[in-house]
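> Just so it is clear, I am handing over input.tsv, which has TSV, C-alpha atoms.
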chain	number	residue	atom	x	y	z
V	54	MET	CA	-62.33	-64.69	-55.76
V	55	ALA	CA	-64.60	-66.07	-58.46
V	56	ASP	CA	-67.59	-65.41	-56.21
V	57	VAL	CA	-66.65	-61.73	-55.97
V	58	GLU	CA	-66.23	-61.50	-59.75
V	59	GLU	CA	-69.61	-63.18	-60.26
V	60	PHE	CA	-71.23	-60.75	-57.82
V	61	VAL	CA	-69.66	-57.74	-59.58
V	62	GLU	CA	-70.78	-59.01	-62.99
V	63	SER	CA	-74.31	-59.75	-61.70
V	64	THR	CA	-74.48	-56.24	-60.27
V	65	GLY	CA	-73.40	-54.84	-63.63
V	66	LEU	CA	-76.15	-56.76	-65.42
V	67	TYR	CA	-78.73	-55.67	-62.86
V	68	PHE	CA	-77.93	-51.98	-63.15
V	69	GLU	CA	-77.70	-52.26	-66.93
V	70	ARG	CA	-81.35	-53.36	-66.92
V	71	LEU	CA	-82.12	-50.23	-64.88
V	72	GLY	CA	-80.56	-47.95	-67.48
V	73	LEU	CA	-76.94	-47.56	-66.40
V	74	SER	CA	-74.06	-48.87	-68.43
V	75	ARG	CA	-72.87	-52.33	-67.47
V	76	THR	CA	-69.51	-50.86	-66.50
V	77	ALA	CA	-71.21	-48.39	-64.15
V	78	GLY	CA	-73.10	-51.27	-62.54
V	79	ARG	CA	-69.88	-53.24	-62.18
V	80	VAL	CA	-68.28	-50.21	-60.48
V	81	ILE	CA	-71.13	-50.20	-57.96
V	82	GLY	CA	-70.67	-53.93	-57.39
V	83	SER	CA	-66.94	-53.51	-56.96
V	84	LEU	CA	-67.31	-50.65	-54.49
V	85	LEU	CA	-69.90	-52.62	-52.52
V	86	VAL	CA	-67.50	-55.50	-51.87
V	87	ASN	CA	-64.28	-53.47	-51.79
V	88	PRO	CA	-62.64	-53.92	-48.37
V	89	GLY	CA	-61.47	-50.29	-48.52
V	90	GLU	CA	-63.53	-47.12	-48.35
V	91	SER	CA	-62.84	-46.14	-51.95
V	92	ALA	CA	-60.96	-46.86	-55.15
V	93	ASP	CA	-59.26	-44.78	-57.81
V	94	ALA	CA	-60.05	-45.00	-61.52
V	95	PRO	CA	-56.87	-46.87	-62.52
V	96	GLY	CA	-57.49	-49.45	-59.81
V	97	LEU	CA	-61.08	-49.91	-60.94
V	98	CYS	CA	-59.92	-50.25	-64.58
V	99	GLU	CA	-57.47	-52.94	-63.59
V	100	SER	CA	-59.79	-54.90	-61.31
V	101	LEU	CA	-62.70	-54.76	-63.78
V	102	GLY	CA	-60.60	-55.16	-66.93
V	103	VAL	CA	-62.04	-52.12	-68.71
V	104	ALA	CA	-60.50	-49.31	-70.75
V	105	LYS	CA	-59.86	-45.90	-69.22
V	106	SER	CA	-62.39	-44.30	-71.56
V	107	SER	CA	-65.16	-46.71	-70.50
V	108	MET	CA	-64.32	-46.14	-66.86
V	109	SER	CA	-64.35	-42.37	-67.32
V	110	VAL	CA	-67.82	-42.50	-68.87
V	111	ALA	CA	-69.11	-44.87	-66.15
V	112	LEU	CA	-67.73	-42.80	-63.27
V	113	GLY	CA	-69.15	-39.62	-64.79
V	114	GLN	CA	-72.56	-41.26	-65.11
V	115	LEU	CA	-72.45	-42.47	-61.50
V	116	GLU	CA	-71.23	-39.14	-60.18
V	117	ARG	CA	-73.89	-37.14	-62.05
V	118	GLY	CA	-76.53	-39.55	-60.76
V	119	GLY	CA	-75.38	-38.99	-57.18
V	120	LEU	CA	-74.47	-42.65	-56.77
V	121	VAL	CA	-70.75	-42.16	-56.23
V	122	GLU	CA	-68.77	-39.31	-54.76
V	123	ARG	CA	-65.40	-38.20	-56.06
V	124	PHE	CA	-62.83	-36.94	-53.56
V	125	ARG	CA	-59.10	-36.60	-53.21
V	126	PRO	CA	-57.55	-38.14	-50.09
V	127	PRO	CA	-55.18	-35.94	-48.10
V	128	ARG	CA	-51.83	-35.77	-49.90
V	129	GLY	CA	-53.30	-38.01	-52.60
V	130	ARG	CA	-52.34	-37.60	-56.24
V	131	ARG	CA	-55.48	-39.17	-57.70
V	132	ASP	CA	-59.17	-38.74	-57.23
V	133	HIS	CA	-60.93	-41.59	-55.49
V	134	TYR	CA	-64.53	-42.75	-55.72
V	135	ARG	CA	-66.82	-44.12	-53.03
V	136	LEU	CA	-70.47	-45.01	-52.91
V	137	ALA	CA	-72.70	-42.16	-51.81
V	138	ASP	CA	-74.43	-42.51	-48.47
V	139	ASP	CA	-77.62	-44.52	-48.98
V	140	VAL	CA	-76.78	-45.06	-52.62
V	141	PHE	CA	-79.87	-47.20	-53.17
V	142	GLY	CA	-82.33	-44.72	-51.68
V	143	ARG	CA	-80.80	-42.04	-53.89
V	144	ALA	CA	-81.00	-44.26	-56.95
V	145	PHE	CA	-84.63	-45.04	-56.28
V	146	ARG	CA	-85.56	-41.40	-55.74
V	147	ALA	CA	-83.90	-40.52	-59.04
V	148	LYS	CA	-85.91	-43.20	-60.86
V	149	MET	CA	-89.20	-41.97	-59.36
V	150	ALA	CA	-89.30	-39.10	-61.83
V	151	GLU	CA	-90.09	-41.72	-64.44
V	152	PHE	CA	-93.43	-42.44	-62.76
V	153	THR	CA	-94.69	-39.03	-63.87
V	154	THR	CA	-93.33	-39.58	-67.38
V	155	PHE	CA	-95.14	-42.91	-67.72
V	156	ALA	CA	-98.40	-41.44	-66.40
V	157	GLN	CA	-98.10	-38.60	-68.94
V	158	LEU	CA	-97.40	-41.10	-71.71
V	159	ALA	CA	-100.57	-42.97	-70.78
V	160	GLU	CA	-102.53	-39.70	-70.93
V	161	ARG	CA	-101.19	-39.10	-74.44
V	162	GLY	CA	-102.27	-42.60	-75.40
V	163	LEU	CA	-105.75	-41.97	-74.03
V	164	ALA	CA	-105.98	-38.84	-76.17
V	165	VAL	CA	-105.33	-40.84	-79.34
V	166	VAL	CA	-106.91	-44.23	-78.66
V	167	GLY	CA	-110.44	-43.06	-79.39
V	168	ASP	CA	-113.28	-45.31	-78.29
V	169	ASN	CA	-111.27	-48.57	-78.30
V	170	PRO	CA	-112.36	-49.99	-74.90
V	171	ARG	CA	-109.49	-52.49	-74.49
V	172	GLY	CA	-106.89	-49.85	-75.36
V	173	ARG	CA	-108.52	-47.37	-72.98
V	174	ASP	CA	-108.59	-49.95	-70.17
V	175	ARG	CA	-104.89	-50.72	-70.59
V	176	LEU	CA	-103.89	-47.07	-70.77
V	177	GLU	CA	-106.05	-46.09	-67.79
V	178	LEU	CA	-104.50	-48.92	-65.78
V	179	MET	CA	-101.02	-47.73	-66.79
V	180	ARG	CA	-101.82	-44.12	-65.90
V	181	ASP	CA	-103.42	-45.01	-62.58
V	182	MET	CA	-100.66	-47.38	-61.51
V	183	TYR	CA	-97.87	-44.89	-62.21
V	184	ALA	CA	-99.83	-42.08	-60.55
V	185	PHE	CA	-100.23	-44.32	-57.49
V	186	MET	CA	-96.51	-45.14	-57.49
V	187	GLY	CA	-95.66	-41.46	-57.80
V	188	ARG	CA	-97.81	-40.66	-54.75
V	189	GLU	CA	-96.91	-43.60	-52.54
V	190	PHE	CA	-93.24	-44.37	-53.12
V	191	PRO	CA	-91.98	-41.03	-51.72
V	192	LYS	CA	-93.85	-41.85	-48.50
V	193	LEU	CA	-92.23	-45.26	-48.38
V	194	LEU	CA	-88.76	-43.78	-48.83
V	195	ASP	CA	-89.50	-41.23	-46.08
V	196	GLN	CA	-90.37	-44.16	-43.80
V	197	TRP	CA	-87.10	-45.81	-44.77
V	198	GLU	CA	-85.20	-42.66	-43.73
V	199	LEU	CA	-86.92	-42.74	-40.33
V	200	GLU	CA	-86.13	-46.43	-39.94
V	201	LYS	CA	-82.45	-45.81	-40.64
V	202	ARG	CA	-82.28	-43.00	-38.10
V	203	ARG	CA	-83.81	-45.22	-35.38
V	204	SER	CA	-81.10	-47.82	-35.76
V	205	PRO	CA	-77.98	-47.33	-33.61
V	206	THR	CA	-75.77	-48.37	-36.55
V	207	GLY	CA	-77.51	-46.12	-39.06
V	208	ARG	CA	-78.89	-49.17	-40.81
V	209	ALA	CA	-82.44	-50.40	-40.77
V	210	ASP	CA	-83.16	-53.15	-38.28
V	211	SER	CA	-83.60	-56.33	-40.31
V	212	ALA	CA	-85.95	-57.79	-37.69
V	213	THR	CA	-88.67	-55.19	-38.34
Rewrite the structure from the file as structure tokens, please.


Amino acid sequence: MADVEEFVESTGLYFERLGLSRTAGRVIGSLLVNPGESADAPGLCESLGVAKSSMSVALGQLERGGLVERFRPPRGRRDHYRLADDVFGRAFRAKMAEFTTFAQLAERGLAVVGDNPRGRDRLELMRDMYAFMGREFPKLLDQWELEKRRSPTGRADSAT
């Protein structure tokens, strides 16, 4: 059990570094290892030891980001939450918008740096790298989608 708790906490820390709340990251970790298809908010609060208000904020953040889906099981009295299909592809696509933001930030820096050659070099490198990422990562994710569809299980073949 301690291994599961360590995994959930590590997942929370990882997603916190990516901009989610730690609780939201822990929810993702919990849903990844949950033997069931889904969990309800009270169950997540209990298993993660967090307050209802923190859980509400985390689930709202995950739902708005398209990382979890809320649904009510037939004859259920509570909403349940499950990971969205290809949660990680969705998360990555959502973060790709930041590539454009960083490239634009570099352009602003170039406009104010003047003739400082070291500053210009750093900002041009920043701009060019994020422009490259913005062009190339969508292609890579499209390839991932094709790879998933080729697999009989709907998962990419780990041997390729």

> Quick check, in Å to one decimal: how far apart do CA of Tyr67 in chain V and CA of Lys148 in chain V lie?

14.5 Å

> Could you name the residues that touch range 76-87 of chain V at 8 Å or less, counting only C-alpha atoms, but leaving out those on the same chain fewer than 4 positions away, as number ranges by chain?

V: 57, 60-69, 91-92, 97, 101, 103, 107-108, 111-112, 114-115, 135-136

> Need the shell around Leu194 in chain V: protein/DNA/RNA residues with any atom at most 9 Å away, counting all atoms listed in the file. Skip same-chain ones fewer than 4 positions apart. Format as a PyMOL selection string?

chain V and resi 142+145-146+189-190+198-199

> Taking only C-alpha atoms into account, which of V:Ser204, V:Arg143, V:Gly187, V:Ala156 comes nearest Arg117 in chain V?

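Closest to Arg117 in chain V of all the choices is V:Arg143.
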
> Rounded to one decimal in Å, what is the spacing between CA of Thr153 in chain V and CA of Arg70 in chain V?

19.8 Å

> When distances are computed from all atoms listed in the file, which of V:Leu178, V:Ala184, V:Ala137, V:Val166 shows the smallest separation from Thr154 in chain V?

V:Ala184

> Measure the distance from CA of Arg203 in chain V to CA of Asp138 in chain V in Å and round it to one decimal.

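Atom-to-atom, CA of Arg203 in chain V and CA of Asp138 in chain V are spaced 16.3 Å apart.
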
> Which neighbours of Ala94 in chain V fall inside 8 Å, counting only C-alpha atoms, when residues of the same chain fewer than 2 positions from it are skipped, and could you give them as a list in words?

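Listing them by chain and then by number gives Ala92, Gly96, Leu97, Cys98, Lys105, Met108, Ser109, Asp132, His133 and Tyr134 of chain V.
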
> Hey, what's within 8 Å of Glu177 in chain V if we count all atoms listed in the file and toss same-chain stuff fewer than 5 positions away? As a list in words, please?

Ala159, Glu160 and Leu163 of chain V

> Using only C-alpha atoms, pick whichever of V:Gly167, V:Gly113, V:Met149, V:Arg123 has the shortest atom-to-atom distance to Lys192 in chain V.

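Result for the nearest residue to Lys192 in chain V: V:Met149.
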
> Kindly provide, as AutoDock Vina command-line options, the centre and edge lengths (Å, one decimal) of an axis-aligned box around all atoms of range 81-100 of chain V given in the file, with 8 Å on each side.


--center_x -64.0 --center_y -50.1 --center_z -56.5 --size_x 30.3 --size_y 26.7 --size_z 32.2

> Between V:Val140, V:Met186, V:Leu71, V:Lys201, single out the one closest to Glu116 in chain V, counting all atoms listed in the file.

V:Val140

> For Arg173 in chain V, which residue among V:Arg161, V:Phe155, V:Gly72, V:Asp195 is the nearest when counting only C-alpha atoms?

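Of V:Arg161, V:Phe155, V:Gly72, V:Asp195, the one nearest Arg173 in chain V, counting only C-alpha atoms, is V:Arg161.
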
> Using all atoms listed in the file, which of V:Leu73, V:Asn169, V:Gly129, V:Leu158 sits nearest Ala144 in chain V?

V:Leu73

> With the input short on atoms, add N, CA and C atoms back to range 190-206 of chain V and write it as a PDB file, in the coordinates of the input.


ATOM      1  N   PHE V 190     -94.632 -44.016 -53.334  1.00  0.00           N
ATOM      2  CA  PHE V 190     -93.240 -44.370 -53.120  1.00  0.00           C
ATOM      3  C   PHE V 190     -92.456 -43.304 -52.352  1.00  0.00           C
ATOM      4  N   PRO V 191     -92.694 -42.009 -52.558  1.00  0.00           N
ATOM      5  CA  PRO V 191     -91.980 -41.030 -51.720  1.00  0.00           C
ATOM      6  C   PRO V 191     -92.280 -41.232 -50.229  1.00  0.00           C
ATOM      7  N   LYS V 192     -93.497 -41.586 -49.908  1.00  0.00           N
ATOM      8  CA  LYS V 192     -93.850 -41.850 -48.500  1.00  0.00           C
ATOM      9  C   LYS V 192     -93.074 -43.050 -47.974  1.00  0.00           C
ATOM     10  N   LEU V 193     -92.961 -44.070 -48.779  1.00  0.00           N
ATOM     11  CA  LEU V 193     -92.230 -45.260 -48.380  1.00  0.00           C
ATOM     12  C   LEU V 193     -90.749 -44.946 -48.150  1.00  0.00           C
ATOM     13  N   LEU V 194     -90.154 -44.159 -49.017  1.00  0.00           N
ATOM     14  CA  LEU V 194     -88.760 -43.780 -48.830  1.00  0.00           C
ATOM     15  C   LEU V 194     -88.573 -42.890 -47.606  1.00  0.00           C
ATOM     16  N   ASP V 195     -89.556 -42.037 -47.310  1.00  0.00           N
ATOM     17  CA  ASP V 195     -89.500 -41.230 -46.080  1.00  0.00           C
ATOM     18  C   ASP V 195     -89.524 -42.139 -44.853  1.00  0.00           C
ATOM     19  N   GLN V 196     -90.338 -43.192 -44.904  1.00  0.00           N
ATOM     20  CA  GLN V 196     -90.370 -44.160 -43.800  1.00  0.00           C
ATOM     21  C   GLN V 196     -89.024 -44.860 -43.671  1.00  0.00           C
ATOM     22  N   TRP V 197     -88.409 -45.183 -44.785  1.00  0.00           N
ATOM     23  CA  TRP V 197     -87.100 -45.810 -44.770  1.00  0.00           C
ATOM     24  C   TRP V 197     -86.077 -44.900 -44.070  1.00  0.00           C
ATOM     25  N   GLU V 198     -86.124 -43.606 -44.365  1.00  0.00           N
ATOM     26  CA  GLU V 198     -85.200 -42.660 -43.730  1.00  0.00           C
ATOM     27  C   GLU V 198     -85.394 -42.654 -42.210  1.00  0.00           C
ATOM     28  N   LEU V 199     -86.644 -42.673 -41.769  1.00  0.00           N
ATOM     29  CA  LEU V 199     -86.920 -42.740 -40.330  1.00  0.00           C
ATOM     30  C   LEU V 199     -86.394 -44.031 -39.726  1.00  0.00           C
ATOM     31  N   GLU V 200     -86.602 -45.117 -40.407  1.00  0.00           N
ATOM     32  CA  GLU V 200     -86.130 -46.430 -39.940  1.00  0.00           C
ATOM     33  C   GLU V 200     -84.614 -46.428 -39.772  1.00  0.00           C
ATOM     34  N   LYS V 201     -83.911 -45.874 -40.732  1.00  0.00           N
ATOM     35  CA  LYS V 201     -82.450 -45.810 -40.640  1.00  0.00           C
ATOM     36  C   LYS V 201     -82.000 -44.987 -39.450  1.00  0.00           C
ATOM     37  N   ARG V 202     -82.673 -43.873 -39.209  1.00  0.00           N
ATOM     38  CA  ARG V 202     -82.280 -43.000 -38.100  1.00  0.00           C
ATOM     39  C   ARG V 202     -82.524 -43.658 -36.746  1.00  0.00           C
ATOM     40  N   ARG V 203     -83.510 -44.540 -36.652  1.00  0.00           N
ATOM     41  CA  ARG V 203     -83.810 -45.220 -35.380  1.00  0.00           C
ATOM     42  C   ARG V 203     -82.757 -46.257 -35.013  1.00  0.00           C
ATOM     43  N   SER V 204     -82.080 -46.772 -35.995  1.00  0.00           N
ATOM     44  CA  SER V 204     -81.100 -47.820 -35.760  1.00  0.00           C
ATOM     45  C   SER V 204     -79.813 -47.235 -35.210  1.00  0.00           C
ATOM     46  N   PRO V 205     -79.234 -47.858 -34.164  1.00  0.00           N
ATOM     47  CA  PRO V 205     -77.980 -47.330 -33.610  1.00  0.00           C
ATOM     48  C   PRO V 205     -76.807 -47.376 -34.578  1.00  0.00           C
ATOM     49  N   THR V 206     -76.864 -48.264 -35.577  1.00  0.00           N
ATOM     50  CA  THR V 206     -75.770 -48.370 -36.550  1.00  0.00           C
ATOM     51  C   THR V 206     -76.004 -47.507 -37.774  1.00  0.00           C
TER      52      THR V 206
END
